[in-house]
Structures are given as C-alpha cells and as structure tokens.
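Student: Contents are PDB, C-alpha atoms, pLDDT in the B column; file name upload_11.pdb:
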ATOM      1  CA  MET A   1     111.889 151.624 121.197  1.00 93.00           C
ATOM      2  CA  LEU A   2     112.669 155.292 121.795  1.00 97.00           C
ATOM      3  CA  THR A   3     110.036 158.002 121.459  1.00 98.00           C
ATOM      4  CA  LEU A   4     111.014 161.654 121.013  1.00 98.00           C
ATOM      5  CA  ARG A   5     108.779 164.583 121.734  1.00 97.00           C
ATOM      6  CA  ALA A   6     108.415 166.535 118.486  1.00 97.00           C
ATOM      7  CA  ALA A   7     110.368 169.448 120.004  1.00 97.00           C
ATOM      8  CA  VAL A   8     113.228 167.099 120.891  1.00 98.00           C
ATOM      9  CA  ASP A   9     113.459 165.862 117.306  1.00 98.00           C
ATOM     10  CA  THR A  10     113.469 169.500 116.117  1.00 97.00           C
ATOM     11  CA  ASP A  11     116.092 170.567 118.665  1.00 98.00           C
ATOM     12  CA  ILE A  12     118.496 167.740 117.805  1.00 98.00           C
ATOM     13  CA  ARG A  13     118.237 168.418 114.072  1.00 98.00           C
ATOM     14  CA  ARG A  14     118.672 172.170 114.572  1.00 98.00           C
ATOM     15  CA  HIS A  15     121.729 171.598 116.764  1.00 98.00           C
ATOM     16  CA  GLY A  16     123.237 169.331 114.087  1.00 98.00           C
ATOM     17  CA  ARG A  17     122.624 171.921 111.389  1.00 98.00           C
ATOM     18  CA  GLU A  18     124.001 174.827 113.425  1.00 98.00           C
ATOM     19  CA  SER A  19     127.123 172.912 114.455  1.00 97.00           C
ATOM     20  CA  TYR A  20     127.939 171.701 110.934  1.00 97.00           C
ATOM     21  CA  PRO A  21     130.635 170.920 109.841  1.00 97.00           C
ATOM     22  CA  ASP A  22     131.502 170.068 113.445  1.00 96.00           C
ATOM     23  CA  GLU A  23     129.747 167.369 115.442  1.00 96.00           C
ATOM     24  CA  CYS A  24     127.175 168.473 117.985  1.00 97.00           C
ATOM     25  CA  CYS A  25     126.286 166.581 121.151  1.00 97.00           C
ATOM     26  CA  GLY A  26     123.839 166.670 124.006  1.00 98.00           C
ATOM     27  CA  ALA A  27     121.929 164.719 126.626  1.00 98.00           C
ATOM     28  CA  LEU A  28     118.536 163.029 126.380  1.00 98.00           C
ATOM     29  CA  VAL A  29     116.277 163.464 129.391  1.00 97.00           C
ATOM     30  CA  GLY A  30     112.949 161.803 130.026  1.00 97.00           C
ATOM     31  CA  ARG A  31     111.375 158.782 131.612  1.00 95.00           C
ATOM     32  CA  GLY A  32     110.938 155.231 130.423  1.00 90.00           C
ATOM     33  CA  GLY A  33     111.309 155.293 126.668  1.00 93.00           C
ATOM     34  CA  LEU A  34     110.056 158.867 126.175  1.00 97.00           C
ATOM     35  CA  VAL A  35     112.584 161.668 125.662  1.00 97.00           C
ATOM     36  CA  THR A  36     111.057 164.933 126.826  1.00 96.00           C
ATOM     37  CA  ALA A  37     114.084 167.227 126.552  1.00 96.00           C
ATOM     38  CA  ALA A  38     117.341 167.428 124.628  1.00 97.00           C
ATOM     39  CA  LEU A  39     120.042 169.324 126.525  1.00 97.00           C
ATOM     40  CA  ALA A  40     122.643 170.762 124.167  1.00 97.00           C
ATOM     41  CA  LEU A  41     126.153 170.370 125.591  1.00 97.00           C
ATOM     42  CA  PRO A  42     129.542 171.723 124.495  1.00 96.00           C
ATOM     43  CA  ASN A  43     131.642 169.456 122.300  1.00 96.00           C
ATOM     44  CA  ALA A  44     134.957 169.230 124.138  1.00 94.00           C
ATOM     45  CA  ALA A  45     136.704 167.409 121.274  1.00 92.00           C
ATOM     46  CA  GLY A  46     138.572 170.599 120.311  1.00 90.00           C
ATOM     47  CA  GLU A  47     140.387 170.429 116.979  1.00 89.00           C
ATOM     48  CA  THR A  48     138.900 167.008 116.194  1.00 91.00           C
ATOM     49  CA  ALA A  49     135.290 168.189 116.524  1.00 92.00           C
ATOM     50  CA  ARG A  50     134.617 167.597 112.809  1.00 91.00           C
ATOM     51  CA  ARG A  51     134.728 163.854 113.404  1.00 92.00           C
ATOM     52  CA  ARG A  52     134.577 163.457 117.185  1.00 94.00           C
ATOM     53  CA  PHE A  53     132.572 164.546 120.178  1.00 95.00           C
ATOM     54  CA  THR A  54     133.452 164.482 123.847  1.00 95.00           C
ATOM     55  CA  ILE A  55     131.265 165.375 126.809  1.00 95.00           C
ATOM     56  CA  GLY A  56     133.502 166.143 129.743  1.00 91.00           C
ATOM     57  CA  PRO A  57     132.907 165.048 133.322  1.00 90.00           C
ATOM     58  CA  GLY A  58     131.632 168.462 134.407  1.00 90.00           C
ATOM     59  CA  ASP A  59     128.998 168.586 131.678  1.00 95.00           C
ATOM     60  CA  TYR A  60     128.035 164.972 132.357  1.00 95.00           C
ATOM     61  CA  ARG A  61     127.473 165.784 136.021  1.00 91.00           C
ATOM     62  CA  ALA A  62     125.436 168.853 135.073  1.00 93.00           C
ATOM     63  CA  ALA A  63     123.236 166.794 132.735  1.00 95.00           C
ATOM     64  CA  GLU A  64     122.570 164.137 135.360  1.00 93.00           C
ATOM     65  CA  ARG A  65     121.785 166.860 137.893  1.00 91.00           C
ATOM     66  CA  ARG A  66     119.404 168.605 135.470  1.00 93.00           C
ATOM     67  CA  ALA A  67     117.566 165.349 134.855  1.00 94.00           C
ATOM     68  CA  THR A  68     117.173 164.723 138.577  1.00 90.00           C
ATOM     69  CA  GLU A  69     115.929 168.282 139.169  1.00 92.00           C
ATOM     70  CA  GLN A  70     113.250 167.716 136.520  1.00 91.00           C
ATOM     71  CA  GLY A  71     112.126 164.504 138.215  1.00 93.00           C
ATOM     72  CA  ALA A  72     113.368 162.622 135.157  1.00 96.00           C
ATOM     73  CA  GLU A  73     116.206 160.330 134.156  1.00 94.00           C
ATOM     74  CA  LEU A  74     119.244 160.661 131.947  1.00 96.00           C
ATOM     75  CA  LEU A  75     118.244 158.331 129.114  1.00 97.00           C
ATOM     76  CA  GLY A  76     121.238 158.785 126.831  1.00 97.00           C
ATOM     77  CA  PHE A  77     123.039 161.130 124.492  1.00 97.00           C
ATOM     78  CA  TYR A  78     122.788 162.395 120.942  1.00 97.00           C
ATOM     79  CA  HIS A  79     125.412 163.495 118.471  1.00 96.00           C
ATOM     80  CA  SER A  80     125.654 164.326 114.799  1.00 96.00           C
ATOM     81  CA  HIS A  81     127.633 162.674 112.017  1.00 96.00           C
ATOM     82  CA  PRO A  82     128.524 165.435 109.548  1.00 96.00           C
ATOM     83  CA  ASP A  83     128.690 164.005 106.022  1.00 96.00           C
ATOM     84  CA  HIS A  84     128.620 160.504 107.456  1.00 94.00           C
ATOM     85  CA  PRO A  85     125.780 157.969 107.809  1.00 95.00           C
ATOM     86  CA  ALA A  86     123.689 157.806 110.987  1.00 96.00           C
ATOM     87  CA  ARG A  87     125.354 154.577 112.007  1.00 95.00           C
ATOM     88  CA  PRO A  88     127.738 154.128 114.939  1.00 95.00           C
ATOM     89  CA  SER A  89     131.435 154.005 114.154  1.00 90.00           C
ATOM     90  CA  ARG A  90     134.018 151.748 115.742  1.00 89.00           C
ATOM     91  CA  TYR A  91     135.014 154.774 117.807  1.00 88.00           C
ATOM     92  CA  ASP A  92     131.412 155.135 119.017  1.00 88.00           C
ATOM     93  CA  LEU A  93     131.444 151.469 120.069  1.00 89.00           C
ATOM     94  CA  ASP A  94     134.755 151.724 121.907  1.00 84.00           C
ATOM     95  CA  HIS A  95     133.458 154.603 124.025  1.00 87.00           C
ATOM     96  CA  ALA A  96     129.854 153.567 124.620  1.00 90.00           C
ATOM     97  CA  TRP A  97     128.184 152.925 127.938  1.00 91.00           C
ATOM     98  CA  PRO A  98     125.504 150.340 128.686  1.00 90.00           C
ATOM     99  CA  VAL A  99     121.849 151.213 129.191  1.00 93.00           C
ATOM    100  CA  PHE A 100     122.080 154.593 127.432  1.00 95.00           C
ATOM    101  CA  ALA A 101     120.356 155.340 124.135  1.00 97.00           C
ATOM    102  CA  TYR A 102     122.764 156.776 121.577  1.00 97.00           C
ATOM    103  CA  VAL A 103     120.913 158.899 119.047  1.00 97.00           C
ATOM    104  CA  ILE A 104     122.782 159.816 115.868  1.00 97.00           C
ATOM    105  CA  VAL A 105     121.617 162.347 113.297  1.00 97.00           C
ATOM    106  CA  ALA A 106     123.319 162.411 109.900  1.00 97.00           C
ATOM    107  CA  VAL A 107     123.991 165.925 108.603  1.00 97.00           C
ATOM    108  CA  GLU A 108     124.734 165.915 104.891  1.00 97.00           C
ATOM    109  CA  GLY A 109     126.070 169.160 103.464  1.00 96.00           C
ATOM    110  CA  GLY A 110     124.612 171.012 106.451  1.00 97.00           C
ATOM    111  CA  GLN A 111     121.142 169.474 106.175  1.00 98.00           C
ATOM    112  CA  PRO A 112     119.993 167.020 108.858  1.00 98.00           C
ATOM    113  CA  GLY A 113     118.677 163.730 107.523  1.00 97.00           C
ATOM    114  CA  ALA A 114     118.384 160.235 108.989  1.00 98.00           C
ATOM    115  CA  LEU A 115     118.072 159.974 112.760  1.00 98.00           C
ATOM    116  CA  THR A 116     118.713 156.626 114.446  1.00 98.00           C
ATOM    117  CA  SER A 117     119.097 155.235 117.984  1.00 98.00           C
ATOM    118  CA  TRP A 118     121.435 152.511 119.221  1.00 97.00           C
ATOM    119  CA  ARG A 119     122.130 150.599 122.419  1.00 96.00           C
ATOM    120  CA  LEU A 120     125.298 148.812 123.458  1.00 94.00           C
ATOM    121  CA  ARG A 121     125.040 145.048 123.837  1.00 92.00           C
ATOM    122  CA  GLU A 122     125.690 143.600 127.274  1.00 84.00           C
ATOM    123  CA  ASP A 123     129.007 142.081 126.153  1.00 82.00           C
ATOM    124  CA  ARG A 124     130.080 145.406 124.547  1.00 83.00           C
ATOM    125  CA  SER A 125     130.573 143.623 121.201  1.00 89.00           C
ATOM    126  CA  ALA A 126     128.212 145.750 119.088  1.00 95.00           C
ATOM    127  CA  PHE A 127     125.316 148.160 119.042  1.00 96.00           C
ATOM    128  CA  ASP A 128     121.730 147.155 118.335  1.00 97.00           C
ATOM    129  CA  GLU A 129     119.507 149.629 116.537  1.00 98.00           C
ATOM    130  CA  GLU A 130     116.141 150.426 118.099  1.00 98.00           C
ATOM    131  CA  PRO A 131     113.128 152.014 116.398  1.00 98.00           C
ATOM    132  CA  VAL A 132     112.677 155.760 116.912  1.00 98.00           C
ATOM    133  CA  THR A 133     109.259 157.392 116.790  1.00 97.00           C
ATOM    134  CA  VAL A 134     108.437 161.075 117.022  1.00 97.00           C
ATOM    135  CA  GLU A 135     105.415 161.952 119.112  1.00 93.00           C
ATOM    136  CA  GLU A 136     102.780 163.856 117.164  1.00 77.00           C
ATOM    137  CA  THR A 137     102.307 167.465 118.284  1.00 69.00           C
ATOM    138  CA  GLN A 138      98.837 168.022 119.701  1.00 60.00           C
ATOM    139  CA  CYS A 139      97.434 171.183 118.112  1.00 55.00           C
ATOM    140  CA  GLN A 140      94.471 172.798 119.796  1.00 52.00           C
ATOM    141  CA  PRO A 141      91.762 174.456 117.668  1.00 55.00           C
ATOM    142  CA  GLY A 142      92.435 178.160 117.287  1.00 48.00           C
ATOM    143  CA  PHE A 143      96.183 177.835 117.735  1.00 44.00           C
TER     144      PHE A 143
ATOM    145  CA  MET B 144     133.646 154.902 158.504  1.00 77.00           C
ATOM    146  CA  PRO B 145     132.200 154.071 155.056  1.00 90.00           C
ATOM    147  CA  THR B 146     132.568 156.495 152.162  1.00 95.00           C
ATOM    148  CA  ARG B 147     129.748 157.338 149.745  1.00 96.00           C
ATOM    149  CA  ILE B 148     130.305 156.476 146.094  1.00 97.00           C
ATOM    150  CA  LEU B 149     127.883 158.056 143.619  1.00 96.00           C
ATOM    151  CA  ILE B 150     126.988 155.632 140.817  1.00 96.00           C
ATOM    152  CA  PRO B 151     126.163 157.129 137.387  1.00 95.00           C
ATOM    153  CA  THR B 152     122.961 156.202 135.583  1.00 93.00           C
ATOM    154  CA  PRO B 153     124.377 153.572 133.169  1.00 93.00           C
ATOM    155  CA  LEU B 154     126.051 151.582 135.944  1.00 95.00           C
ATOM    156  CA  ARG B 155     123.235 151.490 138.468  1.00 94.00           C
ATOM    157  CA  VAL B 156     121.810 148.322 136.975  1.00 93.00           C
ATOM    158  CA  TYR B 157     125.073 146.599 137.968  1.00 94.00           C
ATOM    159  CA  ALA B 158     124.998 148.067 141.475  1.00 96.00           C
ATOM    160  CA  GLY B 159     121.680 146.755 142.735  1.00 95.00           C
ATOM    161  CA  LYS B 160     119.897 149.704 141.094  1.00 94.00           C
ATOM    162  CA  GLN B 161     121.413 152.014 143.698  1.00 96.00           C
ATOM    163  CA  ASP B 162     122.646 155.518 142.966  1.00 92.00           C
ATOM    164  CA  VAL B 163     124.801 155.580 146.109  1.00 95.00           C
ATOM    165  CA  ILE B 164     126.927 152.791 147.590  1.00 96.00           C
ATOM    166  CA  GLU B 165     128.753 153.031 150.902  1.00 96.00           C
ATOM    167  CA  VAL B 166     132.008 151.105 151.220  1.00 95.00           C
ATOM    168  CA  GLU B 167     135.065 151.079 153.446  1.00 94.00           C
ATOM    169  CA  GLY B 168     138.532 152.101 152.305  1.00 95.00           C
ATOM    170  CA  SER B 169     141.263 154.647 152.908  1.00 96.00           C
ATOM    171  CA  THR B 170     142.129 155.327 149.262  1.00 97.00           C
ATOM    172  CA  VAL B 171     140.122 155.555 146.058  1.00 97.00           C
ATOM    173  CA  GLY B 172     141.691 152.297 144.880  1.00 96.00           C
ATOM    174  CA  GLU B 173     140.611 150.470 148.029  1.00 96.00           C
ATOM    175  CA  LEU B 174     137.079 151.823 147.758  1.00 97.00           C
ATOM    176  CA  LEU B 175     136.740 150.722 144.141  1.00 97.00           C
ATOM    177  CA  ALA B 176     138.242 147.308 144.892  1.00 95.00           C
ATOM    178  CA  ASN B 177     135.831 146.743 147.765  1.00 96.00           C
ATOM    179  CA  MET B 178     132.899 147.967 145.684  1.00 97.00           C
ATOM    180  CA  THR B 179     133.675 145.726 142.698  1.00 96.00           C
ATOM    181  CA  ALA B 180     134.263 142.758 145.029  1.00 96.00           C
ATOM    182  CA  GLU B 181     130.641 143.103 146.066  1.00 96.00           C
ATOM    183  CA  TYR B 182     129.222 144.217 142.714  1.00 96.00           C
ATOM    184  CA  THR B 183     131.331 142.179 140.321  1.00 95.00           C
ATOM    185  CA  GLU B 184     129.433 143.202 137.171  1.00 92.00           C
ATOM    186  CA  LEU B 185     130.741 146.751 137.604  1.00 93.00           C
ATOM    187  CA  ARG B 186     134.306 145.642 137.014  1.00 92.00           C
ATOM    188  CA  LYS B 187     134.205 145.224 133.230  1.00 86.00           C
ATOM    189  CA  HIS B 188     132.741 148.699 132.792  1.00 87.00           C
ATOM    190  CA  LEU B 189     135.303 150.393 135.047  1.00 92.00           C
ATOM    191  CA  TYR B 190     138.493 148.512 134.223  1.00 91.00           C
ATOM    192  CA  ASN B 191     140.098 147.398 130.963  1.00 86.00           C
ATOM    193  CA  GLU B 192     141.544 143.947 130.312  1.00 85.00           C
ATOM    194  CA  ASP B 193     144.814 145.005 131.936  1.00 90.00           C
ATOM    195  CA  GLY B 194     143.027 145.807 135.170  1.00 89.00           C
ATOM    196  CA  ARG B 195     143.516 149.555 134.777  1.00 91.00           C
ATOM    197  CA  LEU B 196     140.763 152.122 135.020  1.00 91.00           C
ATOM    198  CA  ARG B 197     139.323 152.729 131.571  1.00 88.00           C
ATOM    199  CA  ALA B 198     140.384 156.022 130.012  1.00 84.00           C
ATOM    200  CA  PHE B 199     136.806 157.205 129.770  1.00 85.00           C
ATOM    201  CA  VAL B 200     136.004 156.701 133.445  1.00 92.00           C
ATOM    202  CA  ALA B 201     136.638 159.756 135.591  1.00 94.00           C
ATOM    203  CA  ILE B 202     136.760 159.443 139.360  1.00 96.00           C
ATOM    204  CA  PHE B 203     136.238 162.535 141.453  1.00 96.00           C
ATOM    205  CA  VAL B 204     136.779 162.991 145.178  1.00 97.00           C
ATOM    206  CA  ASN B 205     134.328 165.717 145.990  1.00 95.00           C
ATOM    207  CA  ASP B 206     135.021 168.177 143.115  1.00 92.00           C
ATOM    208  CA  ASP B 207     138.544 167.030 142.277  1.00 94.00           C
ATOM    209  CA  ASP B 208     139.495 164.642 139.470  1.00 94.00           C
ATOM    210  CA  ILE B 209     141.880 161.996 140.880  1.00 96.00           C
ATOM    211  CA  ARG B 210     143.976 162.192 137.665  1.00 93.00           C
ATOM    212  CA  PHE B 211     145.199 165.506 139.032  1.00 95.00           C
ATOM    213  CA  LEU B 212     145.665 164.173 142.569  1.00 96.00           C
ATOM    214  CA  GLU B 213     147.296 160.836 143.369  1.00 96.00           C
ATOM    215  CA  LYS B 214     145.173 158.776 140.994  1.00 94.00           C
ATOM    216  CA  GLU B 215     143.922 155.586 142.683  1.00 95.00           C
ATOM    217  CA  ALA B 216     146.235 156.204 145.638  1.00 97.00           C
ATOM    218  CA  THR B 217     144.306 159.382 146.418  1.00 97.00           C
ATOM    219  CA  PRO B 218     143.353 159.215 150.101  1.00 97.00           C
ATOM    220  CA  VAL B 219     139.756 159.613 151.220  1.00 97.00           C
ATOM    221  CA  LYS B 220     138.675 160.868 154.594  1.00 93.00           C
ATOM    222  CA  GLU B 221     135.481 160.879 156.574  1.00 88.00           C
ATOM    223  CA  GLY B 222     132.801 162.920 154.861  1.00 91.00           C
ATOM    224  CA  ASP B 223     134.289 162.730 151.358  1.00 95.00           C
ATOM    225  CA  THR B 224     132.061 161.779 148.422  1.00 96.00           C
ATOM    226  CA  VAL B 225     133.523 159.826 145.519  1.00 97.00           C
ATOM    227  CA  SER B 226     131.827 160.134 142.114  1.00 96.00           C
ATOM    228  CA  ILE B 227     132.193 157.808 139.141  1.00 96.00           C
ATOM    229  CA  ILE B 228     131.662 159.888 136.022  1.00 95.00           C
ATOM    230  CA  PRO B 229     131.495 158.524 132.490  1.00 92.00           C
ATOM    231  CA  THR B 230     133.194 160.628 129.867  1.00 88.00           C
ATOM    232  CA  VAL B 231     130.847 160.255 126.917  1.00 93.00           C
ATOM    233  CA  ALA B 232     132.542 160.301 123.527  1.00 92.00           C
ATOM    234  CA  GLY B 233     132.208 159.100 119.966  1.00 90.00           C
ATOM    235  CA  GLY B 234     132.093 160.374 116.442  1.00 87.00           C
ATOM    236  CA  GLY B 235     131.585 159.524 112.822  1.00 81.00           C
ATOM    237  CA  GLY B 236     135.155 159.442 111.562  1.00 66.00           C
ATOM    238  CA  LEU B 237     137.607 156.575 111.617  1.00 58.00           C
TER     239      LEU B 237
END
Kindly transcribe the structure held in the file into structure tokens.
Tutor:
Amino acid sequence: MLTLRAAVDTDIRRHGRESYPDECCGALVGRGGLVTAALALPNAAGETARRRFTIGPGDYRAAERRATEQGAELLGFYHSHPDHPARPSRYDLDHAWPVFAYVIVAVEGGQPGALTSWRLREDRSAFDEEPVTVEETQCQPGF
Amino acid sequence: MPTRILIPTPLRVYAGKQDVIEVEGSTVGELLANMTAEYTELRKHLYNEDGRLRAFVAIFVNDDDIRFLEKEATPVKEGDTVSIIPTVAGGGGL
C-alpha cells in the first residue's frame, strides 16, 4: 500500500492539470510506504511529450540526491496520462524498474481524475496495482 | 585498486542492499562483469537478452556518460566513481 500526504496528492494532480495536454512527471520521496514530497521534474520526451515521459539521468541523480539530503528515500515516480486511463501501458512496462512505485494520474480534458499506483513484478512480466490512500490533513482549531 | 560503483535505489535489493560496491577492473565493461558475477540478480536489470546494456541504463564515469566516451570500453582509473543511473520513462500512448 502507498500512502500520500494530502499535499503530495494535490501537487501531483496540479502538475498533471498544468502540463495538460502533455504528460507531467516527477519523483516520489518519503520513507517506508509514506510519500512525503513530490518533486516535479522536466519531461525530457520532447515532441512526444503528449504520450510519453522521460526523466533523464541528470534529473534522476538530482532526485536521488534530494531524497538523501532530506533523510528520506526515493520511493518511485509519478506521471500523468492525458486523456488516457490511469493504467500502465505496454510502454510503461517495458521501461519500468523494480521496487519503485509508479503513480499514474489520469487527466481527462485537462481535469485530473483517477490516481493509481503500480509495482513491477519480479519477473518483469506485468505490473501489480497497489492501494493508494491519502493521509488526512490535520487541521488545528483556529486555523 | 577497486573502483566504487554507485548503485541506484531500485537495484540495491539485488546488491546486498548496498548503495556502493567496490570491484576491480580497468574498463567499465570489466567492472560491470565482475560486479554481476558476484551479484547475479543484477544482470537481468542491466542487460537485455542479447547481453547488451539495456537502453534505459545509463553508466557514468564521474560526470561523463559512457555513451559519449568509449562505451563499455571506457577506461577507469584510480579514484574514479562509476554510477549506474536508470533512465525513467513511460507514457500512456501506444
């Protein structure tokens, strides 16, 4: 199971909306199964950004370094599927890495909708979906 | 003199949960061969079925991508750090 801080859920959806009709992408940082920060990263897919995302080696290194500096771990990556369901494509499968959580947010007509998370099977044959929960924001009286 | 290889997060589980491995070798290819001989589970994530480095694996010697050097024949010298860097990609289209 993957748990997102409420701000992380908001940030991913906002990034998907602002990048539409292109795909957005970014890194998920946290510890254990809790994502505490979403780091927006440039989509290096160029002219194919409407249906692809690429995070280059330099941005990958920066994300891993940021996670370490925060005393956290790189837990995975997120990206959007503009006008496409929040399910991994064959292309997602071909380029996936083990261990990482792959969060996908569907953006339909510019509006973010379903948000799902997937992990690559050990034999690389398929993804398995995992439940995603969003941590409730703790509001203090008077705020 | 062994060379340090930095292991990225998703591959550490196949490398004894280490983020750095030290192995002997005079080229990048030798280092990777010696590393995967010891940590065999790494092989399928680094190489395709033809035994070539997967397209979405970048290898850097210090700050230089070996694709722009001599690829796996790139020499390494004492004090160099080799980094394995996943290029993360995907997308919704066919």
Student: Starting from the displayed file, determine the output of the PyMOL selection byres ((chain B) within 8 of (chain A)) and express the residue list as a list of chain:residue names.
Tutor: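 Here the PyMOL selection byres ((chain B) within 8 of (chain A)) matches B:Thr152, B:Pro153, B:Leu154, B:His188, B:Phe199, B:Ala201, B:Ile228, B:Pro229, B:Thr230, B:Val231, B:Ala232, B:Gly233, B:Gly234, B:Gly235, B:Gly236, B:Leu237.
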Student: Rounded to one decimal place, report the atom CA of Trp118 of chain A-atom CA of Thr179 of chain B distance in Å.
Tutor: 27.3 Å
Student: Have a look at atom CA of Glu221 of chain B and atom CA of Gly194 of chain B and let me know their distance in Å, one decimal.
Tutor: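 Between these atoms lies a distance of 27.2 Å.
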Student: Mind pulling up the distance from atom CA of Leu196 of chain B to atom CA of Phe127 of chain A?
Tutor: 22.6 Å
Student: Box time for segment 209-220 of chain B: axis-aligned, enclosing all its listed atoms, 5 Å extra on each side; report centre and edge lengths in Å to one decimal, as lines of an AutoDock Vina configuration file.
Tutor:
center_x = 143.0
center_y = 160.5
center_z = 146.1
size_x = 18.6
size_y = 19.9
size_z = 26.9
Student: At a cut-off of 12 Å, using all atoms listed in the file, what residues contact Glu167 of chain B? Leave out same-chain residues fewer than 5 positions from it and give the result as a list in words.
Tutor: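 Listed by chain and then number, they are Met144, Pro145, Thr146, Arg147, Ile148, Gly172, Glu173, Leu174, Leu175, Ala176, Asn177, Met178, Ala180, Glu181, Val219, Lys220, Glu221, Asp223 and Val225 of chain B.
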Student: Choose the residue, out of A:Ala63, A:Ala126, A:Ala72, A:Val29, that has the smallest atom-to-atom separation from Pro42 of chain A; count all atoms listed in the file.
Tutor: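 Result for the nearest residue to Pro42 of chain A: A:Ala63.
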Student: Need the shell around segment 168-170 of chain B: protein/DNA/RNA residues with any atom at most 6 Å away, counting only C-alpha atoms. Skip same-chain ones fewer than 5 positions apart. Format as a list in words?
Tutor: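 The residues that qualify are Ala216, Thr217, Pro218 and Val219 of chain B.
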Student: Using the chain letters and residue numbers of this document, give as a list in words the residues selected by the PyMOL selection byres ((chain A and resi 35) around 10).
Tutor: Leu2, Thr3, Leu4, Arg5, Ala6, Ala7, Val8, Asp9, Ala27, Leu28, Val29, Gly30, Arg31, Gly32, Gly33, Leu34, Thr36, Ala37, Ala38, Ala72, Glu73, Leu74, Leu75, Gly76, Val134 and Glu135 of chain A
Student: Of the candidates B:Tyr157, B:Lys214, B:Asp206, B:Leu149, which one gets nearest to Lys187 of chain B if we count only C-alpha atoms?
Tutor: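 The answer is B:Tyr157, which sits nearest to Lys187 of chain B.
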